[in-house]
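Below is work.pdb, holding PDB, C-alpha atoms, pLDDT in the B column.
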```
ATOM      1  CA  MET A   1       9.581  17.817  -7.157  1.00 80.00           C
ATOM      2  CA  ILE A   2       9.238  14.158  -6.167  1.00 81.00           C
ATOM      3  CA  GLU A   3      12.548  14.410  -4.275  1.00 80.00           C
ATOM      4  CA  GLU A   4      11.155  17.372  -2.291  1.00 81.00           C
ATOM      5  CA  ILE A   5       8.059  15.372  -1.317  1.00 78.00           C
ATOM      6  CA  LYS A   6      10.240  12.444  -0.274  1.00 76.00           C
ATOM      7  CA  LYS A   7      12.580  14.670   1.770  1.00 78.00           C
ATOM      8  CA  SER A   8       9.683  16.447   3.464  1.00 80.00           C
ATOM      9  CA  ALA A   9       8.000  13.107   4.293  1.00 75.00           C
ATOM     10  CA  LEU A  10      11.196  11.711   5.814  1.00 72.00           C
ATOM     11  CA  ASN A  11      11.843  14.921   7.781  1.00 78.00           C
ATOM     12  CA  ASN A  12       8.284  14.867   9.148  1.00 76.00           C
ATOM     13  CA  LYS A  13       8.400  11.127   9.908  1.00 79.00           C
ATOM     14  CA  VAL A  14       5.620  10.372   7.417  1.00 77.00           C
ATOM     15  CA  PRO A  15       6.021   6.738   6.362  1.00 74.00           C
ATOM     16  CA  ILE A  16       6.658   6.340   2.645  1.00 76.00           C
ATOM     17  CA  MET A  17       7.917   3.316   0.717  1.00 76.00           C
ATOM     18  CA  LYS A  18      11.612   2.571   0.834  1.00 77.00           C
ATOM     19  CA  ASP A  19      13.454   3.222  -2.456  1.00 83.00           C
ATOM     20  CA  GLU A  20      13.900  -0.463  -3.232  1.00 88.00           C
ATOM     21  CA  GLY A  21      10.178  -1.093  -2.625  1.00 88.00           C
ATOM     22  CA  ILE A  22       8.928   1.802  -4.762  1.00 91.00           C
ATOM     23  CA  GLU A  23      11.311   0.890  -7.606  1.00 93.00           C
ATOM     24  CA  PHE A  24       9.956  -2.663  -7.535  1.00 95.00           C
ATOM     25  CA  LEU A  25       6.371  -1.335  -7.593  1.00 96.00           C
ATOM     26  CA  ILE A  26       7.103   0.958 -10.573  1.00 96.00           C
ATOM     27  CA  SER A  27       8.737  -1.911 -12.518  1.00 96.00           C
ATOM     28  CA  PHE A  28       5.850  -4.217 -11.632  1.00 97.00           C
ATOM     29  CA  ILE A  29       3.300  -1.706 -12.967  1.00 98.00           C
ATOM     30  CA  LYS A  30       5.258  -1.346 -16.226  1.00 97.00           C
ATOM     31  CA  GLU A  31       5.855  -5.083 -16.730  1.00 97.00           C
ATOM     32  CA  ASN A  32       2.251  -6.072 -16.001  1.00 97.00           C
ATOM     33  CA  LYS A  33       0.709  -3.148 -17.952  1.00 96.00           C
ATOM     34  CA  ILE A  34      -1.279  -2.057 -14.905  1.00 97.00           C
ATOM     35  CA  LYS A  35      -3.763   0.754 -15.674  1.00 97.00           C
ATOM     36  CA  ASP A  36      -6.207   1.037 -12.759  1.00 98.00           C
ATOM     37  CA  ILE A  37      -4.785   1.165  -9.248  1.00 98.00           C
ATOM     38  CA  LEU A  38      -6.416   1.391  -5.831  1.00 98.00           C
ATOM     39  CA  GLU A  39      -4.080   2.518  -3.069  1.00 97.00           C
ATOM     40  CA  ILE A  40      -5.064   2.149   0.564  1.00 97.00           C
ATOM     41  CA  GLY A  41      -3.035   4.679   2.527  1.00 95.00           C
ATOM     42  CA  THR A  42      -2.127   7.800   0.549  1.00 93.00           C
ATOM     43  CA  ALA A  43       0.000   9.503   3.218  1.00 91.00           C
ATOM     44  CA  VAL A  44       1.323  12.607   1.367  1.00 92.00           C
ATOM     45  CA  GLY A  45       0.799  11.182  -2.137  1.00 93.00           C
ATOM     46  CA  TYR A  46       4.389  10.085  -2.798  1.00 93.00           C
ATOM     47  CA  SER A  47       3.623   6.578  -4.090  1.00 93.00           C
ATOM     48  CA  ALA A  48       0.407   7.685  -5.864  1.00 96.00           C
ATOM     49  CA  ILE A  49       2.430  10.263  -7.820  1.00 95.00           C
ATOM     50  CA  ARG A  50       5.181   7.745  -8.586  1.00 95.00           C
ATOM     51  CA  MET A  51       2.635   5.154  -9.792  1.00 97.00           C
ATOM     52  CA  ALA A  52       0.605   7.617 -11.889  1.00 97.00           C
ATOM     53  CA  SER A  53       3.811   8.980 -13.448  1.00 95.00           C
ATOM     54  CA  VAL A  54       4.630   5.597 -15.008  1.00 96.00           C
ATOM     55  CA  SER A  55       2.255   6.196 -17.921  1.00 95.00           C
ATOM     56  CA  LYS A  56      -0.394   8.692 -19.047  1.00 95.00           C
ATOM     57  CA  ASP A  57      -3.103   6.020 -19.131  1.00 95.00           C
ATOM     58  CA  ILE A  58      -2.756   5.024 -15.467  1.00 98.00           C
ATOM     59  CA  LYS A  59      -5.474   6.049 -13.028  1.00 98.00           C
ATOM     60  CA  VAL A  60      -4.932   5.891  -9.275  1.00 98.00           C
ATOM     61  CA  THR A  61      -7.662   6.005  -6.634  1.00 98.00           C
ATOM     62  CA  SER A  62      -6.121   6.539  -3.212  1.00 98.00           C
ATOM     63  CA  ILE A  63      -7.717   6.555   0.248  1.00 98.00           C
ATOM     64  CA  GLU A  64      -6.354   8.441   3.267  1.00 96.00           C
ATOM     65  CA  ARG A  65      -7.996   8.974   6.658  1.00 96.00           C
ATOM     66  CA  ASP A  66      -5.518  11.427   8.241  1.00 93.00           C
ATOM     67  CA  GLN A  67      -6.708  14.929   7.347  1.00 96.00           C
ATOM     68  CA  GLU A  68      -3.314  16.636   7.540  1.00 93.00           C
ATOM     69  CA  ARG A  69      -1.709  14.028   5.279  1.00 93.00           C
ATOM     70  CA  TYR A  70      -4.693  14.046   2.925  1.00 96.00           C
ATOM     71  CA  LEU A  71      -4.462  17.850   2.480  1.00 95.00           C
ATOM     72  CA  GLU A  72      -0.709  17.574   1.883  1.00 93.00           C
ATOM     73  CA  ALA A  73      -1.376  14.863  -0.732  1.00 95.00           C
ATOM     74  CA  VAL A  74      -3.968  17.075  -2.481  1.00 96.00           C
ATOM     75  CA  LYS A  75      -1.372  19.858  -2.669  1.00 95.00           C
ATOM     76  CA  ASN A  76       1.393  17.522  -3.907  1.00 95.00           C
ATOM     77  CA  ILE A  77      -0.796  15.907  -6.566  1.00 96.00           C
ATOM     78  CA  LYS A  78      -1.920  19.322  -7.824  1.00 96.00           C
ATOM     79  CA  GLN A  79       1.728  20.416  -7.969  1.00 94.00           C
ATOM     80  CA  ALA A  80       2.546  17.265  -9.979  1.00 94.00           C
ATOM     81  CA  LYS A  81      -0.357  18.157 -12.325  1.00 96.00           C
ATOM     82  CA  LEU A  82      -1.896  14.722 -11.806  1.00 96.00           C
ATOM     83  CA  GLU A  83      -5.264  15.687 -10.324  1.00 95.00           C
ATOM     84  CA  ASP A  84      -7.034  14.368 -13.452  1.00 96.00           C
ATOM     85  CA  ARG A  85      -5.500  10.893 -12.940  1.00 97.00           C
ATOM     86  CA  VAL A  86      -5.176  10.600  -9.154  1.00 98.00           C
ATOM     87  CA  ASP A  87      -8.478  10.527  -7.314  1.00 97.00           C
ATOM     88  CA  LEU A  88      -8.083  11.101  -3.567  1.00 97.00           C
ATOM     89  CA  ILE A  89     -10.691   9.950  -1.075  1.00 97.00           C
ATOM     90  CA  PHE A  90     -10.634  11.362   2.461  1.00 98.00           C
ATOM     91  CA  ASN A  91     -12.071   8.622   4.678  1.00 97.00           C
ATOM     92  CA  ASP A  92     -11.257   5.513   6.671  1.00 96.00           C
ATOM     93  CA  ALA A  93     -10.763   2.832   3.994  1.00 96.00           C
ATOM     94  CA  LEU A  94     -13.026   0.408   5.868  1.00 95.00           C
ATOM     95  CA  ASN A  95     -15.911   2.893   5.434  1.00 96.00           C
ATOM     96  CA  VAL A  96     -15.343   3.226   1.680  1.00 96.00           C
ATOM     97  CA  LYS A  97     -17.438   1.254  -0.799  1.00 95.00           C
ATOM     98  CA  LEU A  98     -16.276   1.338  -4.413  1.00 97.00           C
ATOM     99  CA  ASN A  99     -17.892  -0.107  -7.535  1.00 95.00           C
ATOM    100  CA  SER A 100     -14.811   0.237  -9.739  1.00 96.00           C
ATOM    101  CA  LYS A 101     -12.552  -2.679 -10.628  1.00 97.00           C
ATOM    102  CA  PHE A 102      -8.767  -2.427 -10.405  1.00 98.00           C
ATOM    103  CA  ASP A 103      -5.780  -4.243 -11.931  1.00 97.00           C
ATOM    104  CA  LEU A 104      -3.819  -3.605  -8.751  1.00 98.00           C
ATOM    105  CA  ILE A 105      -4.745  -2.956  -5.140  1.00 98.00           C
ATOM    106  CA  PHE A 106      -1.841  -1.602  -3.121  1.00 97.00           C
ATOM    107  CA  ILE A 107      -2.193  -1.904   0.680  1.00 96.00           C
ATOM    108  CA  ASP A 108       0.080   0.477   2.569  1.00 92.00           C
ATOM    109  CA  ALA A 109      -1.990   1.677   5.532  1.00 87.00           C
ATOM    110  CA  ALA A 110      -2.623   0.677   9.181  1.00 79.00           C
ATOM    111  CA  LYS A 111      -0.627  -2.568   9.389  1.00 83.00           C
ATOM    112  CA  GLY A 112      -2.942  -4.132  11.951  1.00 87.00           C
ATOM    113  CA  LYS A 113      -5.863  -3.962   9.507  1.00 94.00           C
ATOM    114  CA  ASN A 114      -4.298  -5.640   6.461  1.00 95.00           C
ATOM    115  CA  ILE A 115      -6.683  -8.622   6.540  1.00 96.00           C
ATOM    116  CA  GLU A 116      -9.706  -6.307   6.803  1.00 96.00           C
ATOM    117  CA  PHE A 117      -8.451  -4.140   3.922  1.00 97.00           C
ATOM    118  CA  PHE A 118      -7.790  -7.239   1.816  1.00 97.00           C
ATOM    119  CA  GLU A 119     -11.240  -8.709   2.465  1.00 96.00           C
ATOM    120  CA  ASN A 120     -13.008  -5.363   2.077  1.00 96.00           C
ATOM    121  CA  PHE A 121     -11.547  -4.584  -1.354  1.00 97.00           C
ATOM    122  CA  GLU A 122     -10.837  -7.928  -3.040  1.00 96.00           C
ATOM    123  CA  LYS A 123     -14.276  -7.712  -4.696  1.00 97.00           C
ATOM    124  CA  ASN A 124     -12.861  -4.669  -6.551  1.00 98.00           C
ATOM    125  CA  LEU A 125     -10.048  -6.687  -8.104  1.00 97.00           C
ATOM    126  CA  LYS A 126     -10.239  -7.526 -11.802  1.00 96.00           C
ATOM    127  CA  SER A 127      -9.810 -11.151 -12.800  1.00 94.00           C
ATOM    128  CA  GLY A 128      -6.090 -11.956 -12.781  1.00 93.00           C
ATOM    129  CA  GLY A 129      -5.391  -8.782 -10.790  1.00 97.00           C
ATOM    130  CA  TYR A 130      -2.872  -8.290  -7.992  1.00 98.00           C
ATOM    131  CA  ILE A 131      -2.919  -7.200  -4.365  1.00 98.00           C
ATOM    132  CA  ILE A 132       0.457  -5.900  -3.200  1.00 97.00           C
ATOM    133  CA  THR A 133       1.133  -5.210   0.481  1.00 96.00           C
ATOM    134  CA  ASP A 134       4.072  -3.252   1.902  1.00 93.00           C
ATOM    135  CA  ASN A 135       5.795  -3.352   5.333  1.00 88.00           C
ATOM    136  CA  LEU A 136       5.553  -7.075   6.057  1.00 90.00           C
ATOM    137  CA  LYS A 137       8.924  -6.893   7.846  1.00 90.00           C
ATOM    138  CA  PHE A 138       7.844  -3.801   9.816  1.00 87.00           C
ATOM    139  CA  HIS A 139      11.364  -2.376  10.254  1.00 80.00           C
ATOM    140  CA  GLY A 140      12.759  -5.802  11.162  1.00 84.00           C
ATOM    141  CA  TYR A 141      10.398  -6.365  14.106  1.00 83.00           C
ATOM    142  CA  VAL A 142       8.495  -9.210  12.418  1.00 85.00           C
ATOM    143  CA  ASP A 143      11.652 -11.357  12.400  1.00 87.00           C
ATOM    144  CA  MET A 144      12.346 -10.736  16.111  1.00 86.00           C
ATOM    145  CA  ASN A 145      11.243 -12.818  19.085  1.00 86.00           C
ATOM    146  CA  LEU A 146       8.179 -11.173  20.604  1.00 85.00           C
ATOM    147  CA  GLU A 147       9.839 -11.255  24.046  1.00 84.00           C
ATOM    148  CA  ASP A 148      12.641  -9.042  22.698  1.00 86.00           C
ATOM    149  CA  ILE A 149      10.244  -6.287  21.606  1.00 85.00           C
ATOM    150  CA  GLU A 150       9.791  -3.829  24.468  1.00 86.00           C
ATOM    151  CA  SER A 151       6.754  -1.932  23.178  1.00 86.00           C
ATOM    152  CA  ARG A 152       3.424  -3.666  23.782  1.00 86.00           C
ATOM    153  CA  ASN A 153       1.907  -1.806  20.804  1.00 88.00           C
ATOM    154  CA  ILE A 154       4.639  -3.016  18.452  1.00 87.00           C
ATOM    155  CA  ARG A 155       4.289  -6.595  19.765  1.00 90.00           C
ATOM    156  CA  GLY A 156       0.565  -6.386  18.969  1.00 88.00           C
ATOM    157  CA  LEU A 157       1.265  -5.090  15.452  1.00 87.00           C
ATOM    158  CA  VAL A 158       3.853  -7.808  14.831  1.00 89.00           C
ATOM    159  CA  ARG A 159       1.301 -10.464  15.836  1.00 92.00           C
ATOM    160  CA  LYS A 160      -1.217  -8.976  13.371  1.00 94.00           C
ATOM    161  CA  ILE A 161       1.330  -8.792  10.534  1.00 93.00           C
ATOM    162  CA  ARG A 162       2.334 -12.420  11.159  1.00 94.00           C
ATOM    163  CA  LYS A 163      -1.354 -13.364  11.137  1.00 96.00           C
ATOM    164  CA  TYR A 164      -1.743 -11.540   7.795  1.00 96.00           C
ATOM    165  CA  VAL A 165       1.216 -13.449   6.305  1.00 95.00           C
ATOM    166  CA  GLU A 166      -0.449 -16.729   7.405  1.00 96.00           C
ATOM    167  CA  PHE A 167      -3.759 -15.496   5.941  1.00 97.00           C
ATOM    168  CA  LEU A 168      -2.005 -14.931   2.585  1.00 97.00           C
ATOM    169  CA  LYS A 169      -0.229 -18.299   2.666  1.00 96.00           C
ATOM    170  CA  GLU A 170      -3.506 -20.130   3.364  1.00 96.00           C
ATOM    171  CA  ASN A 171      -5.627 -18.147   0.868  1.00 96.00           C
ATOM    172  CA  LYS A 172      -6.191 -20.588  -1.998  1.00 95.00           C
ATOM    173  CA  LYS A 173      -7.808 -17.973  -4.286  1.00 95.00           C
ATOM    174  CA  TYR A 174      -4.438 -16.226  -4.620  1.00 97.00           C
ATOM    175  CA  GLN A 175      -0.917 -17.185  -5.568  1.00 97.00           C
ATOM    176  CA  THR A 176       1.249 -15.141  -3.173  1.00 97.00           C
ATOM    177  CA  GLU A 177       4.938 -14.405  -3.445  1.00 96.00           C
ATOM    178  CA  PHE A 178       6.879 -12.818  -0.555  1.00 96.00           C
ATOM    179  CA  LEU A 179       9.759 -10.503  -1.456  1.00 94.00           C
ATOM    180  CA  GLU A 180      12.599  -9.389   0.802  1.00 90.00           C
ATOM    181  CA  LEU A 181      12.645  -5.969  -0.882  1.00 88.00           C
ATOM    182  CA  GLY A 182      12.371  -2.676   1.012  1.00 84.00           C
ATOM    183  CA  ASP A 183      10.427  -3.349   4.208  1.00 87.00           C
ATOM    184  CA  GLY A 184       9.009  -6.671   2.992  1.00 92.00           C
ATOM    185  CA  ILE A 185       6.437  -6.931   0.196  1.00 94.00           C
ATOM    186  CA  SER A 186       3.841  -9.512  -0.778  1.00 97.00           C
ATOM    187  CA  VAL A 187       2.413  -9.901  -4.269  1.00 97.00           C
ATOM    188  CA  SER A 188      -0.865 -11.835  -4.377  1.00 97.00           C
ATOM    189  CA  LYS A 189      -2.205 -12.709  -7.816  1.00 97.00           C
ATOM    190  CA  LEU A 190      -5.884 -13.605  -8.109  1.00 95.00           C
ATOM    191  CA  LYS A 191      -6.094 -17.014  -9.753  1.00 91.00           C
ATOM    192  CA  ASP A 192      -8.409 -17.117 -12.779  1.00 78.00           C
TER     193      ASP A 192
END
```
Now, as a test, write the supplied structure out as structure tokens.
Amino acid sequence: MIEEIKKSALNNKVPIMKDEGIEFLISFIKENKIKDILEIGTAVGYSAIRMASVSKDIKVTSIERDQERYLEAVKNIKQAKLEDRVDLIFNDALNVKLNSKFDLIFIDAAKGKNIEFFENFEKNLKSGGYIITDNLKFHGYVDMNLEDIESRNIRGLVRKIRKYVEFLKENKKYQTEFLELGDGISVSKLKD
């Protein structure tokens, strides 16, 4: 079933984590005994299902603002029989206020808003928790010279991703590690 979701997402150009990235995330959840996860950017539920499937005591709260993708995610999560452990929220993440605390916050949504997502939800991170962000390479564009990128929109996104990387490097409350896996991943651990 998970392969069908993946295939459908790729065929419909819905961005999902690269294999290497999702495998890292799954291993990370196992190794760090992560139980409560907040995901920003559900898409069609692929990574939420993969994360929740690691263990029966994992709960995932996932936020998606695109209605079509949200409805597809609802269907996929129901099909995976995980609706009791994956809580989907249909809204723009920046309009969502949560009281819950999470072991892991996974940011995989609008790349230009990473800093806002980080700042909006870090209050929901448990002591010693992690914030993981995907797509810091943005299909290789982040490593290119801006002048070589034809699309103005992509140049703007690259600037914002680079600014986010600097934000993480300068953030003294977190110890951040940058990984060359998948499409570029950061792991920020909240210092106690």
* Which residues match the PyMOL selection byres ((chain A and resi 119-131) around 9) in the file above, as a VMD selection string? -> chain A and resid 34 38 93 to 94 96 to 107 114 to 118 132 to 133 174 186 to 192
* To do: Tell me, as a ChimeraX atom specification, which residues lie within 9 Å of range 13-30 of chain A, counting all atoms listed in the file; anything in the same chain fewer than 5 positions away does not count.
  => /A:6,8,35,43-47,50-51,54-55,69,104,108,132,134-135,181-185
* Report as a PyMOL selection string the residues that result from applying the PyMOL selection byres ((chain A and resi 63) around 9) to the structure here. => chain A and resi 38-43+61-62+64-65+70+87-93+96
Would you put the residues from that selection into a file with C-alpha atoms, as a PDB file, in the coordinates of the input?
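Result went into result02.pdb, see below:
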```pdb
ATOM      1  CA  LEU A  38      -6.416   1.391  -5.831  1.00 98.00           C
ATOM      2  CA  GLU A  39      -4.080   2.518  -3.069  1.00 97.00           C
ATOM      3  CA  ILE A  40      -5.064   2.149   0.564  1.00 97.00           C
ATOM      4  CA  GLY A  41      -3.035   4.679   2.527  1.00 95.00           C
ATOM      5  CA  THR A  42      -2.127   7.800   0.549  1.00 93.00           C
ATOM      6  CA  ALA A  43       0.000   9.503   3.218  1.00 91.00           C
ATOM      7  CA  THR A  61      -7.662   6.005  -6.634  1.00 98.00           C
ATOM      8  CA  SER A  62      -6.121   6.539  -3.212  1.00 98.00           C
ATOM      9  CA  GLU A  64      -6.354   8.441   3.267  1.00 96.00           C
ATOM     10  CA  ARG A  65      -7.996   8.974   6.658  1.00 96.00           C
ATOM     11  CA  TYR A  70      -4.693  14.046   2.925  1.00 96.00           C
ATOM     12  CA  ASP A  87      -8.478  10.527  -7.314  1.00 97.00           C
ATOM     13  CA  LEU A  88      -8.083  11.101  -3.567  1.00 97.00           C
ATOM     14  CA  ILE A  89     -10.691   9.950  -1.075  1.00 97.00           C
ATOM     15  CA  PHE A  90     -10.634  11.362   2.461  1.00 98.00           C
ATOM     16  CA  ASN A  91     -12.071   8.622   4.678  1.00 97.00           C
ATOM     17  CA  ASP A  92     -11.257   5.513   6.671  1.00 96.00           C
ATOM     18  CA  ALA A  93     -10.763   2.832   3.994  1.00 96.00           C
ATOM     19  CA  VAL A  96     -15.343   3.226   1.680  1.00 96.00           C
TER      20      VAL A  96
END
```
Using 3 Å of padding on each side, determine the axis-aligned box around all atoms of range 51-60 of chain A present in the file and give its centre and edge lengths in Å to one decimal, as AutoDock Vina command-line options.
```
--center_x -0.4 --center_y 7.0 --center_z -14.2 --size_x 16.1 --size_y 10.0 --size_z 15.9
```
* Asked: Interatomic distance between CA of Glu4 in chain A and CA of Leu71 in chain A?
  -> 16.3 Å
